[in-house]
>>> print(open('query31.cif').read())   # mmCIF, N, CA and C atoms
data_query
loop_
_atom_site.label_atom_id
_atom_site.label_comp_id
_atom_site.auth_asym_id
_atom_site.auth_seq_id
_atom_site.Cartn_x
_atom_site.Cartn_y
_atom_site.Cartn_z
N GLN C 1 22.41 -53.40 -50.51
CA GLN C 1 22.04 -54.62 -49.80
C GLN C 1 20.72 -55.13 -50.35
N VAL C 2 20.68 -56.41 -50.65
CA VAL C 2 19.47 -57.04 -51.18
C VAL C 2 18.73 -57.73 -50.04
N GLN C 3 17.43 -57.52 -49.98
CA GLN C 3 16.60 -58.20 -49.00
C GLN C 3 15.49 -58.95 -49.69
N LEU C 4 15.17 -60.11 -49.17
CA LEU C 4 14.15 -60.97 -49.76
C LEU C 4 13.13 -61.34 -48.69
N VAL C 5 11.87 -61.25 -49.04
CA VAL C 5 10.81 -61.62 -48.11
C VAL C 5 9.84 -62.55 -48.83
N GLU C 6 9.75 -63.78 -48.35
CA GLU C 6 8.85 -64.77 -48.94
C GLU C 6 7.49 -64.75 -48.25
N SER C 7 6.50 -65.21 -48.98
CA SER C 7 5.16 -65.38 -48.43
C SER C 7 4.41 -66.39 -49.29
N GLY C 8 3.25 -66.79 -48.82
CA GLY C 8 2.41 -67.67 -49.62
C GLY C 8 2.37 -69.10 -49.16
N GLY C 9 3.18 -69.46 -48.18
CA GLY C 9 3.15 -70.82 -47.68
C GLY C 9 1.90 -71.08 -46.86
N GLY C 10 1.72 -72.34 -46.48
CA GLY C 10 0.57 -72.68 -45.68
C GLY C 10 0.36 -74.17 -45.63
N LEU C 11 -0.78 -74.56 -45.07
CA LEU C 11 -1.16 -75.97 -44.97
C LEU C 11 -2.17 -76.27 -46.07
N VAL C 12 -1.84 -77.22 -46.90
CA VAL C 12 -2.73 -77.60 -47.99
C VAL C 12 -2.88 -79.11 -48.04
N ARG C 13 -3.96 -79.55 -48.64
CA ARG C 13 -4.19 -80.98 -48.80
C ARG C 13 -3.44 -81.51 -50.02
N PRO C 14 -3.11 -82.77 -50.02
CA PRO C 14 -2.47 -83.35 -51.21
C PRO C 14 -3.31 -83.09 -52.46
N GLY C 15 -2.63 -82.74 -53.53
CA GLY C 15 -3.31 -82.42 -54.77
C GLY C 15 -3.61 -80.95 -54.95
N GLY C 16 -3.45 -80.18 -53.88
CA GLY C 16 -3.71 -78.76 -53.95
C GLY C 16 -2.57 -77.98 -54.59
N SER C 17 -2.73 -76.67 -54.63
CA SER C 17 -1.73 -75.79 -55.24
C SER C 17 -1.40 -74.64 -54.31
N LEU C 18 -0.21 -74.12 -54.49
CA LEU C 18 0.22 -72.92 -53.78
C LEU C 18 1.04 -72.07 -54.73
N ARG C 19 0.99 -70.77 -54.49
CA ARG C 19 1.87 -69.85 -55.22
C ARG C 19 2.69 -69.08 -54.19
N LEU C 20 3.97 -69.37 -54.17
CA LEU C 20 4.87 -68.69 -53.25
C LEU C 20 5.38 -67.41 -53.92
N SER C 21 5.53 -66.37 -53.11
CA SER C 21 6.00 -65.08 -53.62
C SER C 21 7.25 -64.66 -52.86
N CYS C 22 8.08 -63.90 -53.55
CA CYS C 22 9.30 -63.37 -52.93
C CYS C 22 9.46 -61.93 -53.41
N VAL C 23 9.42 -61.00 -52.47
CA VAL C 23 9.64 -59.60 -52.79
C VAL C 23 11.13 -59.31 -52.68
N VAL C 24 11.69 -58.78 -53.74
CA VAL C 24 13.12 -58.47 -53.79
C VAL C 24 13.31 -56.96 -53.68
N SER C 25 14.04 -56.53 -52.67
CA SER C 25 14.34 -55.10 -52.54
C SER C 25 15.85 -54.90 -52.59
N GLY C 26 16.26 -53.72 -53.06
CA GLY C 26 17.67 -53.46 -53.24
C GLY C 26 18.06 -53.62 -54.69
N SER C 27 19.28 -53.29 -55.00
CA SER C 27 19.75 -53.32 -56.37
C SER C 27 20.13 -54.72 -56.82
N ILE C 28 19.55 -55.16 -57.91
CA ILE C 28 19.92 -56.46 -58.49
C ILE C 28 20.38 -56.25 -59.93
N ILE C 29 21.05 -55.13 -60.16
CA ILE C 29 21.48 -54.79 -61.51
C ILE C 29 22.46 -55.80 -62.06
N ASN C 30 23.26 -56.43 -61.19
CA ASN C 30 24.20 -57.46 -61.62
C ASN C 30 23.65 -58.86 -61.34
N LEU C 31 22.41 -59.06 -61.72
CA LEU C 31 21.75 -60.33 -61.42
C LEU C 31 22.38 -61.47 -62.19
N TYR C 32 22.67 -62.54 -61.49
CA TYR C 32 23.18 -63.78 -62.09
C TYR C 32 22.03 -64.78 -62.27
N ALA C 33 21.25 -64.94 -61.21
CA ALA C 33 20.10 -65.85 -61.28
C ALA C 33 19.24 -65.68 -60.04
N MET C 34 18.00 -66.09 -60.17
CA MET C 34 17.09 -66.20 -59.03
C MET C 34 16.73 -67.66 -58.87
N ALA C 35 16.40 -68.04 -57.67
CA ALA C 35 16.12 -69.45 -57.44
C ALA C 35 15.22 -69.64 -56.23
N TRP C 36 14.63 -70.82 -56.19
CA TRP C 36 13.90 -71.28 -55.01
C TRP C 36 14.58 -72.57 -54.55
N HIS C 37 14.76 -72.68 -53.24
CA HIS C 37 15.28 -73.87 -52.61
C HIS C 37 14.26 -74.32 -51.58
N ARG C 38 14.44 -75.53 -51.08
CA ARG C 38 13.59 -75.98 -49.99
C ARG C 38 14.39 -76.85 -49.03
N GLN C 39 13.92 -76.89 -47.81
CA GLN C 39 14.56 -77.73 -46.80
C GLN C 39 13.49 -78.42 -45.98
N ALA C 40 13.45 -79.73 -46.12
CA ALA C 40 12.51 -80.54 -45.36
C ALA C 40 13.11 -80.87 -44.00
N PRO C 41 12.27 -81.20 -43.03
CA PRO C 41 12.79 -81.52 -41.69
C PRO C 41 13.80 -82.65 -41.75
N GLY C 42 14.96 -82.42 -41.14
CA GLY C 42 15.99 -83.44 -41.07
C GLY C 42 16.76 -83.66 -42.36
N LYS C 43 16.52 -82.82 -43.36
CA LYS C 43 17.20 -82.99 -44.64
C LYS C 43 17.98 -81.73 -45.00
N GLN C 44 18.88 -81.88 -45.95
CA GLN C 44 19.64 -80.74 -46.42
C GLN C 44 18.80 -79.87 -47.35
N ARG C 45 19.16 -78.60 -47.41
CA ARG C 45 18.49 -77.70 -48.33
C ARG C 45 18.79 -78.14 -49.77
N GLU C 46 17.77 -78.12 -50.62
CA GLU C 46 17.95 -78.55 -52.00
C GLU C 46 17.36 -77.53 -52.96
N LEU C 47 17.96 -77.48 -54.13
CA LEU C 47 17.51 -76.56 -55.17
C LEU C 47 16.22 -77.07 -55.81
N VAL C 48 15.28 -76.16 -55.98
CA VAL C 48 14.02 -76.50 -56.64
C VAL C 48 14.01 -76.01 -58.08
N ALA C 49 14.32 -74.72 -58.27
CA ALA C 49 14.24 -74.14 -59.61
C ALA C 49 15.10 -72.89 -59.69
N THR C 50 15.59 -72.60 -60.89
CA THR C 50 16.35 -71.37 -61.12
C THR C 50 15.79 -70.63 -62.32
N LEU C 51 16.04 -69.33 -62.33
CA LEU C 51 15.59 -68.47 -63.43
C LEU C 51 16.68 -67.44 -63.70
N THR C 52 17.18 -67.41 -64.93
CA THR C 52 18.23 -66.46 -65.28
C THR C 52 17.61 -65.18 -65.83
N PRO C 53 18.40 -64.11 -65.91
CA PRO C 53 17.87 -62.85 -66.47
C PRO C 53 17.34 -63.00 -67.89
N SER C 54 17.88 -63.95 -68.63
CA SER C 54 17.42 -64.16 -70.00
C SER C 54 16.11 -64.94 -70.06
N GLY C 55 15.66 -65.44 -68.90
CA GLY C 55 14.41 -66.18 -68.86
C GLY C 55 14.57 -67.68 -68.89
N ARG C 56 15.81 -68.15 -68.91
CA ARG C 56 16.04 -69.60 -68.91
C ARG C 56 15.73 -70.17 -67.54
N THR C 57 14.98 -71.27 -67.54
CA THR C 57 14.62 -71.92 -66.28
C THR C 57 15.20 -73.32 -66.22
N THR C 58 15.53 -73.75 -65.02
CA THR C 58 15.94 -75.13 -64.79
C THR C 58 15.23 -75.61 -63.53
N TYR C 59 14.95 -76.91 -63.49
CA TYR C 59 14.22 -77.49 -62.38
C TYR C 59 14.91 -78.75 -61.88
N ALA C 60 14.71 -79.02 -60.59
CA ALA C 60 15.18 -80.27 -60.04
C ALA C 60 14.41 -81.42 -60.65
N ASP C 61 15.00 -82.59 -60.61
CA ASP C 61 14.35 -83.76 -61.19
C ASP C 61 13.00 -84.04 -60.55
N PHE C 62 12.88 -83.77 -59.26
CA PHE C 62 11.63 -84.08 -58.57
C PHE C 62 10.51 -83.12 -58.96
N ALA C 63 10.87 -82.00 -59.63
CA ALA C 63 9.85 -81.02 -59.98
C ALA C 63 8.79 -81.62 -60.89
N ASN C 64 9.24 -82.41 -61.86
CA ASN C 64 8.33 -83.24 -62.65
C ASN C 64 7.13 -82.48 -63.20
N GLY C 65 7.37 -81.25 -63.63
CA GLY C 65 6.30 -80.47 -64.24
C GLY C 65 5.32 -79.84 -63.25
N ARG C 66 5.55 -80.01 -61.95
CA ARG C 66 4.63 -79.47 -60.97
C ARG C 66 5.03 -78.10 -60.44
N PHE C 67 6.26 -77.70 -60.68
CA PHE C 67 6.79 -76.44 -60.18
C PHE C 67 7.05 -75.49 -61.35
N THR C 68 6.72 -74.21 -61.15
CA THR C 68 6.98 -73.21 -62.17
C THR C 68 7.53 -71.95 -61.51
N ILE C 69 8.73 -71.56 -61.91
CA ILE C 69 9.33 -70.34 -61.40
C ILE C 69 9.09 -69.23 -62.41
N SER C 70 8.79 -68.04 -61.89
CA SER C 70 8.55 -66.91 -62.77
C SER C 70 8.94 -65.63 -62.05
N ARG C 71 8.91 -64.54 -62.81
CA ARG C 71 9.39 -63.27 -62.27
C ARG C 71 8.53 -62.14 -62.82
N ASP C 72 8.28 -61.15 -62.01
CA ASP C 72 7.58 -59.95 -62.45
C ASP C 72 8.50 -58.76 -62.20
N ASP C 73 9.10 -58.25 -63.25
CA ASP C 73 10.05 -57.15 -63.10
C ASP C 73 9.39 -55.85 -62.67
N THR C 74 8.11 -55.71 -62.94
CA THR C 74 7.45 -54.45 -62.59
C THR C 74 7.26 -54.34 -61.08
N THR C 75 7.18 -55.48 -60.41
CA THR C 75 6.99 -55.45 -58.96
C THR C 75 8.19 -56.01 -58.21
N ASN C 76 9.24 -56.39 -58.94
CA ASN C 76 10.43 -56.98 -58.33
C ASN C 76 10.06 -58.19 -57.46
N MET C 77 9.30 -59.08 -58.05
CA MET C 77 8.88 -60.28 -57.33
C MET C 77 9.23 -61.54 -58.11
N VAL C 78 9.51 -62.58 -57.36
CA VAL C 78 9.77 -63.90 -57.93
C VAL C 78 8.71 -64.85 -57.36
N PHE C 79 8.23 -65.74 -58.19
CA PHE C 79 7.15 -66.63 -57.78
C PHE C 79 7.55 -68.09 -57.98
N LEU C 80 6.92 -68.94 -57.19
CA LEU C 80 7.03 -70.39 -57.41
C LEU C 80 5.63 -70.96 -57.31
N GLN C 81 5.14 -71.39 -58.43
CA GLN C 81 3.83 -72.06 -58.48
C GLN C 81 4.05 -73.55 -58.26
N ILE C 82 3.34 -74.13 -57.31
CA ILE C 82 3.46 -75.55 -57.03
C ILE C 82 2.08 -76.17 -57.19
N ASP C 83 1.96 -77.10 -58.10
CA ASP C 83 0.69 -77.80 -58.35
C ASP C 83 0.79 -79.26 -57.93
N ARG C 84 -0.38 -79.85 -57.75
CA ARG C 84 -0.47 -81.27 -57.39
C ARG C 84 0.47 -81.57 -56.22
N LEU C 85 0.32 -80.82 -55.17
CA LEU C 85 1.21 -80.94 -54.02
C LEU C 85 1.14 -82.33 -53.41
N LYS C 86 2.29 -82.78 -52.92
CA LYS C 86 2.43 -84.09 -52.29
C LYS C 86 2.94 -83.89 -50.86
N PRO C 87 2.68 -84.85 -49.99
CA PRO C 87 3.21 -84.73 -48.61
C PRO C 87 4.73 -84.53 -48.58
N GLU C 88 5.43 -85.13 -49.54
CA GLU C 88 6.89 -84.98 -49.56
C GLU C 88 7.35 -83.60 -50.00
N ASP C 89 6.43 -82.75 -50.40
CA ASP C 89 6.77 -81.36 -50.70
C ASP C 89 6.82 -80.50 -49.43
N THR C 90 6.44 -81.09 -48.31
CA THR C 90 6.48 -80.36 -47.05
C THR C 90 7.91 -79.92 -46.75
N ALA C 91 8.09 -78.62 -46.57
CA ALA C 91 9.43 -78.06 -46.37
C ALA C 91 9.31 -76.56 -46.15
N VAL C 92 10.40 -75.97 -45.72
CA VAL C 92 10.51 -74.51 -45.75
C VAL C 92 11.11 -74.14 -47.10
N TYR C 93 10.45 -73.24 -47.79
CA TYR C 93 10.89 -72.83 -49.11
C TYR C 93 11.57 -71.46 -49.02
N TYR C 94 12.74 -71.38 -49.64
CA TYR C 94 13.56 -70.18 -49.55
C TYR C 94 13.78 -69.57 -50.93
N CYS C 95 13.67 -68.27 -50.97
CA CYS C 95 14.02 -67.50 -52.16
C CYS C 95 15.52 -67.17 -52.11
N HIS C 96 16.18 -67.23 -53.25
CA HIS C 96 17.62 -67.02 -53.32
C HIS C 96 17.95 -66.17 -54.54
N VAL C 97 18.68 -65.09 -54.32
CA VAL C 97 19.11 -64.22 -55.42
C VAL C 97 20.63 -64.22 -55.46
N MET C 98 21.17 -64.43 -56.64
CA MET C 98 22.62 -64.44 -56.82
C MET C 98 23.03 -63.29 -57.73
N LEU C 99 23.97 -62.51 -57.27
CA LEU C 99 24.52 -61.42 -58.06
C LEU C 99 25.94 -61.75 -58.47
N LYS C 100 26.41 -61.14 -59.54
CA LYS C 100 27.76 -61.40 -60.03
C LYS C 100 28.65 -60.17 -59.87
N GLU C 101 29.97 -60.44 -59.99
CA GLU C 101 30.95 -59.38 -59.96
C GLU C 101 30.94 -58.58 -58.68
N PRO C 102 31.29 -59.17 -57.55
CA PRO C 102 31.63 -60.58 -57.36
C PRO C 102 30.38 -61.44 -57.14
N LEU C 103 30.56 -62.75 -57.33
CA LEU C 103 29.43 -63.65 -57.14
C LEU C 103 29.08 -63.74 -55.66
N ARG C 104 27.81 -63.48 -55.35
CA ARG C 104 27.35 -63.51 -53.97
C ARG C 104 25.86 -63.78 -53.97
N GLY C 105 25.39 -64.31 -52.85
CA GLY C 105 23.99 -64.69 -52.78
C GLY C 105 23.30 -64.13 -51.57
N TYR C 106 21.99 -64.01 -51.69
CA TYR C 106 21.14 -63.51 -50.61
C TYR C 106 19.97 -64.46 -50.45
N TRP C 107 19.57 -64.64 -49.18
CA TRP C 107 18.49 -65.56 -48.86
C TRP C 107 17.37 -64.83 -48.14
N GLY C 108 16.16 -65.31 -48.35
CA GLY C 108 15.03 -64.88 -47.55
C GLY C 108 14.94 -65.70 -46.29
N GLN C 109 13.92 -65.41 -45.49
CA GLN C 109 13.77 -66.11 -44.21
C GLN C 109 13.02 -67.43 -44.36
N GLY C 110 12.40 -67.62 -45.52
CA GLY C 110 11.69 -68.87 -45.77
C GLY C 110 10.21 -68.78 -45.48
N THR C 111 9.46 -69.64 -46.15
CA THR C 111 8.02 -69.76 -45.91
C THR C 111 7.68 -71.24 -45.84
N GLN C 112 6.90 -71.61 -44.83
CA GLN C 112 6.60 -73.02 -44.57
C GLN C 112 5.47 -73.51 -45.46
N VAL C 113 5.73 -74.62 -46.11
CA VAL C 113 4.70 -75.33 -46.88
C VAL C 113 4.49 -76.68 -46.22
N SER C 114 3.26 -76.96 -45.85
CA SER C 114 2.91 -78.24 -45.23
C SER C 114 1.79 -78.87 -46.03
N VAL C 115 2.00 -80.13 -46.41
CA VAL C 115 1.02 -80.84 -47.22
C VAL C 115 0.55 -82.05 -46.43
N SER C 116 -0.72 -82.04 -46.07
CA SER C 116 -1.26 -83.11 -45.24
C SER C 116 -2.76 -83.17 -45.40
N SER C 117 -3.28 -84.39 -45.29
CA SER C 117 -4.73 -84.55 -45.33
C SER C 117 -5.31 -84.50 -43.93
#
>>> encode(input="query31.cif", output="structure tokens")
Amino acid sequence: QVQLVESGGGLVRPGGSLRLSCVVSGSIINLYAMAWHRQAPGKQRELVATLTPSGRTTYADFANGRFTISRDDTTNMVFLQIDRLKPEDTAVYYCHVMLKEPLRGYWGQGTQVSVSS
């Protein structure tokens, strides 16, 4: 069983930065991809960024160079660096791990990011 625990959210002013962390426990030997999603109030959950085992990254169009997904295999952690934060980045951010054979996904509980002056 895979468990994910996010942290690092908070209240920041526009233009600030945050680094979200996700601790991954359990076996991810059949890893397909890791990802971060977000869900703003009243909106559907949306994909922010993905990272494959080979290191390939993909980002949503809105990321616009402000989001960076990374991974530390020594600590089994996934990170999302968010720079130049905007009020529209306010959302709950979720860590997502997908395993293959069979394809299945696991979610964390989310961490709140609020951007306001």
>>> residues_around(input="query31.cif", residues="Gln39 (chain C)", least_positions_apart="3", cutoff="6.5 Å", atoms="all atoms listed in the file", output="PyMOL selection string")
chain C and resi 42-46+90-94
>>> write_last_selection(input="query31.cif", atoms="N, CA and C atoms", output="PDB file, keeping the file's coordinate frame")
ATOM      1  N   GLY C  42      14.960 -82.420 -41.140  1.00  0.00           N
ATOM      2  CA  GLY C  42      15.990 -83.440 -41.070  1.00  0.00           C
ATOM      3  C   GLY C  42      16.760 -83.660 -42.360  1.00  0.00           C
ATOM      4  N   LYS C  43      16.520 -82.820 -43.360  1.00  0.00           N
ATOM      5  CA  LYS C  43      17.200 -82.990 -44.640  1.00  0.00           C
ATOM      6  C   LYS C  43      17.980 -81.730 -45.000  1.00  0.00           C
ATOM      7  N   GLN C  44      18.880 -81.880 -45.950  1.00  0.00           N
ATOM      8  CA  GLN C  44      19.640 -80.740 -46.420  1.00  0.00           C
ATOM      9  C   GLN C  44      18.800 -79.870 -47.350  1.00  0.00           C
ATOM     10  N   ARG C  45      19.160 -78.600 -47.410  1.00  0.00           N
ATOM     11  CA  ARG C  45      18.490 -77.700 -48.330  1.00  0.00           C
ATOM     12  C   ARG C  45      18.790 -78.140 -49.770  1.00  0.00           C
ATOM     13  N   GLU C  46      17.770 -78.120 -50.620  1.00  0.00           N
ATOM     14  CA  GLU C  46      17.950 -78.550 -52.000  1.00  0.00           C
ATOM     15  C   GLU C  46      17.360 -77.530 -52.960  1.00  0.00           C
ATOM     16  N   THR C  90       6.440 -81.090 -48.310  1.00  0.00           N
ATOM     17  CA  THR C  90       6.480 -80.360 -47.050  1.00  0.00           C
ATOM     18  C   THR C  90       7.910 -79.920 -46.750  1.00  0.00           C
ATOM     19  N   ALA C  91       8.090 -78.620 -46.570  1.00  0.00           N
ATOM     20  CA  ALA C  91       9.430 -78.060 -46.370  1.00  0.00           C
ATOM     21  C   ALA C  91       9.310 -76.560 -46.150  1.00  0.00           C
ATOM     22  N   VAL C  92      10.400 -75.970 -45.720  1.00  0.00           N
ATOM     23  CA  VAL C  92      10.510 -74.510 -45.750  1.00  0.00           C
ATOM     24  C   VAL C  92      11.110 -74.140 -47.100  1.00  0.00           C
ATOM     25  N   TYR C  93      10.450 -73.240 -47.790  1.00  0.00           N
ATOM     26  CA  TYR C  93      10.890 -72.830 -49.110  1.00  0.00           C
ATOM     27  C   TYR C  93      11.570 -71.460 -49.020  1.00  0.00           C
ATOM     28  N   TYR C  94      12.740 -71.380 -49.640  1.00  0.00           N
ATOM     29  CA  TYR C  94      13.560 -70.180 -49.550  1.00  0.00           C
ATOM     30  C   TYR C  94      13.780 -69.570 -50.930  1.00  0.00           C
TER      31      TYR C  94
END
>>> resolve_selection(input="query31.cif", expression="the PyMOL selection byres ((chain C and resi 59) around 6.5)", output="ChimeraX atom specification")
/C:47-50,57-58,60-63
>>> resolve_selection(input="query31.cif", expression="the PyMOL selection byres ((chain C and resi 18) around 6.5)", output="PyMOL selection string")
chain C and resi 8+16-17+19-20+80-83
>>> closest_residue(input="query31.cif", among="C:Val2, C:Ser114, C:Leu103, C:Thr75", to="Pro87 (chain C)", atoms="only C-alpha atoms")
C:Ser114
>>> axis_aligned_box(input="query31.cif", around="region 64-68 of chain C", padding_each_side="4 Å", output="AutoDock Vina command-line options")
--center_x 6.9 --center_y -77.6 --center_z -62.2 --size_x 12.6 --size_y 19.3 --size_z 12.1
>>> resolve_selection(input="query31.cif", expression="the PyMOL selection byres ((chain C and resi 110) around 8)", output="PyMOL selection string")
chain C and resi 4-9+91-95+107-109+111-113
>>> write_last_selection(input="query31.cif", atoms="N, CA and C atoms", output="compact mmCIF listing (two decimals), in the frame of the given file")
# COMPACT_ATOMS: atom_id res chain seq x y z
N LEU C 4 15.17 -60.11 -49.17
CA LEU C 4 14.15 -60.97 -49.76
C LEU C 4 13.13 -61.34 -48.69
N VAL C 5 11.87 -61.25 -49.04
CA VAL C 5 10.81 -61.62 -48.11
C VAL C 5 9.84 -62.55 -48.83
N GLU C 6 9.75 -63.78 -48.35
CA GLU C 6 8.85 -64.77 -48.94
C GLU C 6 7.49 -64.75 -48.25
N SER C 7 6.50 -65.21 -48.98
CA SER C 7 5.16 -65.38 -48.43
C SER C 7 4.41 -66.39 -49.29
N GLY C 8 3.25 -66.79 -48.82
CA GLY C 8 2.41 -67.67 -49.62
C GLY C 8 2.37 -69.10 -49.16
N GLY C 9 3.18 -69.46 -48.18
CA GLY C 9 3.15 -70.82 -47.68
C GLY C 9 1.90 -71.08 -46.86
N ALA C 91 8.09 -78.62 -46.57
CA ALA C 91 9.43 -78.06 -46.37
C ALA C 91 9.31 -76.56 -46.15
N VAL C 92 10.40 -75.97 -45.72
CA VAL C 92 10.51 -74.51 -45.75
C VAL C 92 11.11 -74.14 -47.10
N TYR C 93 10.45 -73.24 -47.79
CA TYR C 93 10.89 -72.83 -49.11
C TYR C 93 11.57 -71.46 -49.02
N TYR C 94 12.74 -71.38 -49.64
CA TYR C 94 13.56 -70.18 -49.55
C TYR C 94 13.78 -69.57 -50.93
N CYS C 95 13.67 -68.27 -50.97
CA CYS C 95 14.02 -67.50 -52.16
C CYS C 95 15.52 -67.17 -52.11
N TRP C 107 19.57 -64.64 -49.18
CA TRP C 107 18.49 -65.56 -48.86
C TRP C 107 17.37 -64.83 -48.14
N GLY C 108 16.16 -65.31 -48.35
CA GLY C 108 15.03 -64.88 -47.55
C GLY C 108 14.94 -65.70 -46.29
N GLN C 109 13.92 -65.41 -45.49
CA GLN C 109 13.77 -66.11 -44.21
C GLN C 109 13.02 -67.43 -44.36
N THR C 111 9.46 -69.64 -46.15
CA THR C 111 8.02 -69.76 -45.91
C THR C 111 7.68 -71.24 -45.84
N GLN C 112 6.90 -71.61 -44.83
CA GLN C 112 6.60 -73.02 -44.57
C GLN C 112 5.47 -73.51 -45.46
N VAL C 113 5.73 -74.62 -46.11
CA VAL C 113 4.70 -75.33 -46.88
C VAL C 113 4.49 -76.68 -46.22
>>> atom_distance(input="query31.cif", atom1="CA of Asn64 (chain C)", atom2="CA of Val23 (chain C)")
25.6 Å
>>> closest_residue(input="query31.cif", among="C:Phe79, C:Ala40, C:Pro14, C:Gln1", to="Ser117 (chain C)", atoms="only N, CA and C atoms")
C:Pro14
>>> atom_distance(input="query31.cif", atom1="CA of Tyr32 (chain C)", atom2="CA of Val97 (chain C)")
7.8 Å
>>> closest_residue(input="query31.cif", among="C:Ser21, C:Asp89, C:Thr52, C:Gly10", to="Ala33 (chain C)", atoms="all atoms listed in the file")
C:Thr52
>>> atom_distance(input="query31.cif", atom1="CA of Val12 (chain C)", atom2="atom C of Leu85 (chain C)")
8.2 Å
>>> select_by_dssp(input="query31.cif", residues="chain C", states="strand (DSSP E or B)", output="number ranges by chain")
C: 3-7, 10-12, 18-25, 31-39, 46-51, 57-59, 67-72, 77-82, 91-99, 104-107, 111-115
>>> select_by_dssp(input="query31.cif", residues="chain C", states="helix (DSSP H, G or I)", output="list in words")
Asp61, Phe62, Ala63, Pro87, Glu88 and Asp89 of chain C
>>> residues_around(input="query31.cif", residues="Glu101 (chain C)", least_positions_apart="5", cutoff="12 Å", atoms="only C-alpha atoms", output="PyMOL selection string")
chain C and resi 28-32
>>> closest_residue(input="query31.cif", among="C:Cys22, C:Tyr106, C:Met77, C:Arg84", to="Gly65 (chain C)", atoms="only N, CA and C atoms")
C:Arg84
>>> closest_residue(input="query31.cif", among="C:Asn76, C:Glu88, C:Ser54, C:Arg66", to="Ser25 (chain C)", atoms="only N, CA and C atoms")
C:Asn76
>>> closest_residue(input="query31.cif", among="C:Leu51, C:Met34, C:Val24, C:Met98", to="Thr74 (chain C)", atoms="only C-alpha atoms")
C:Val24
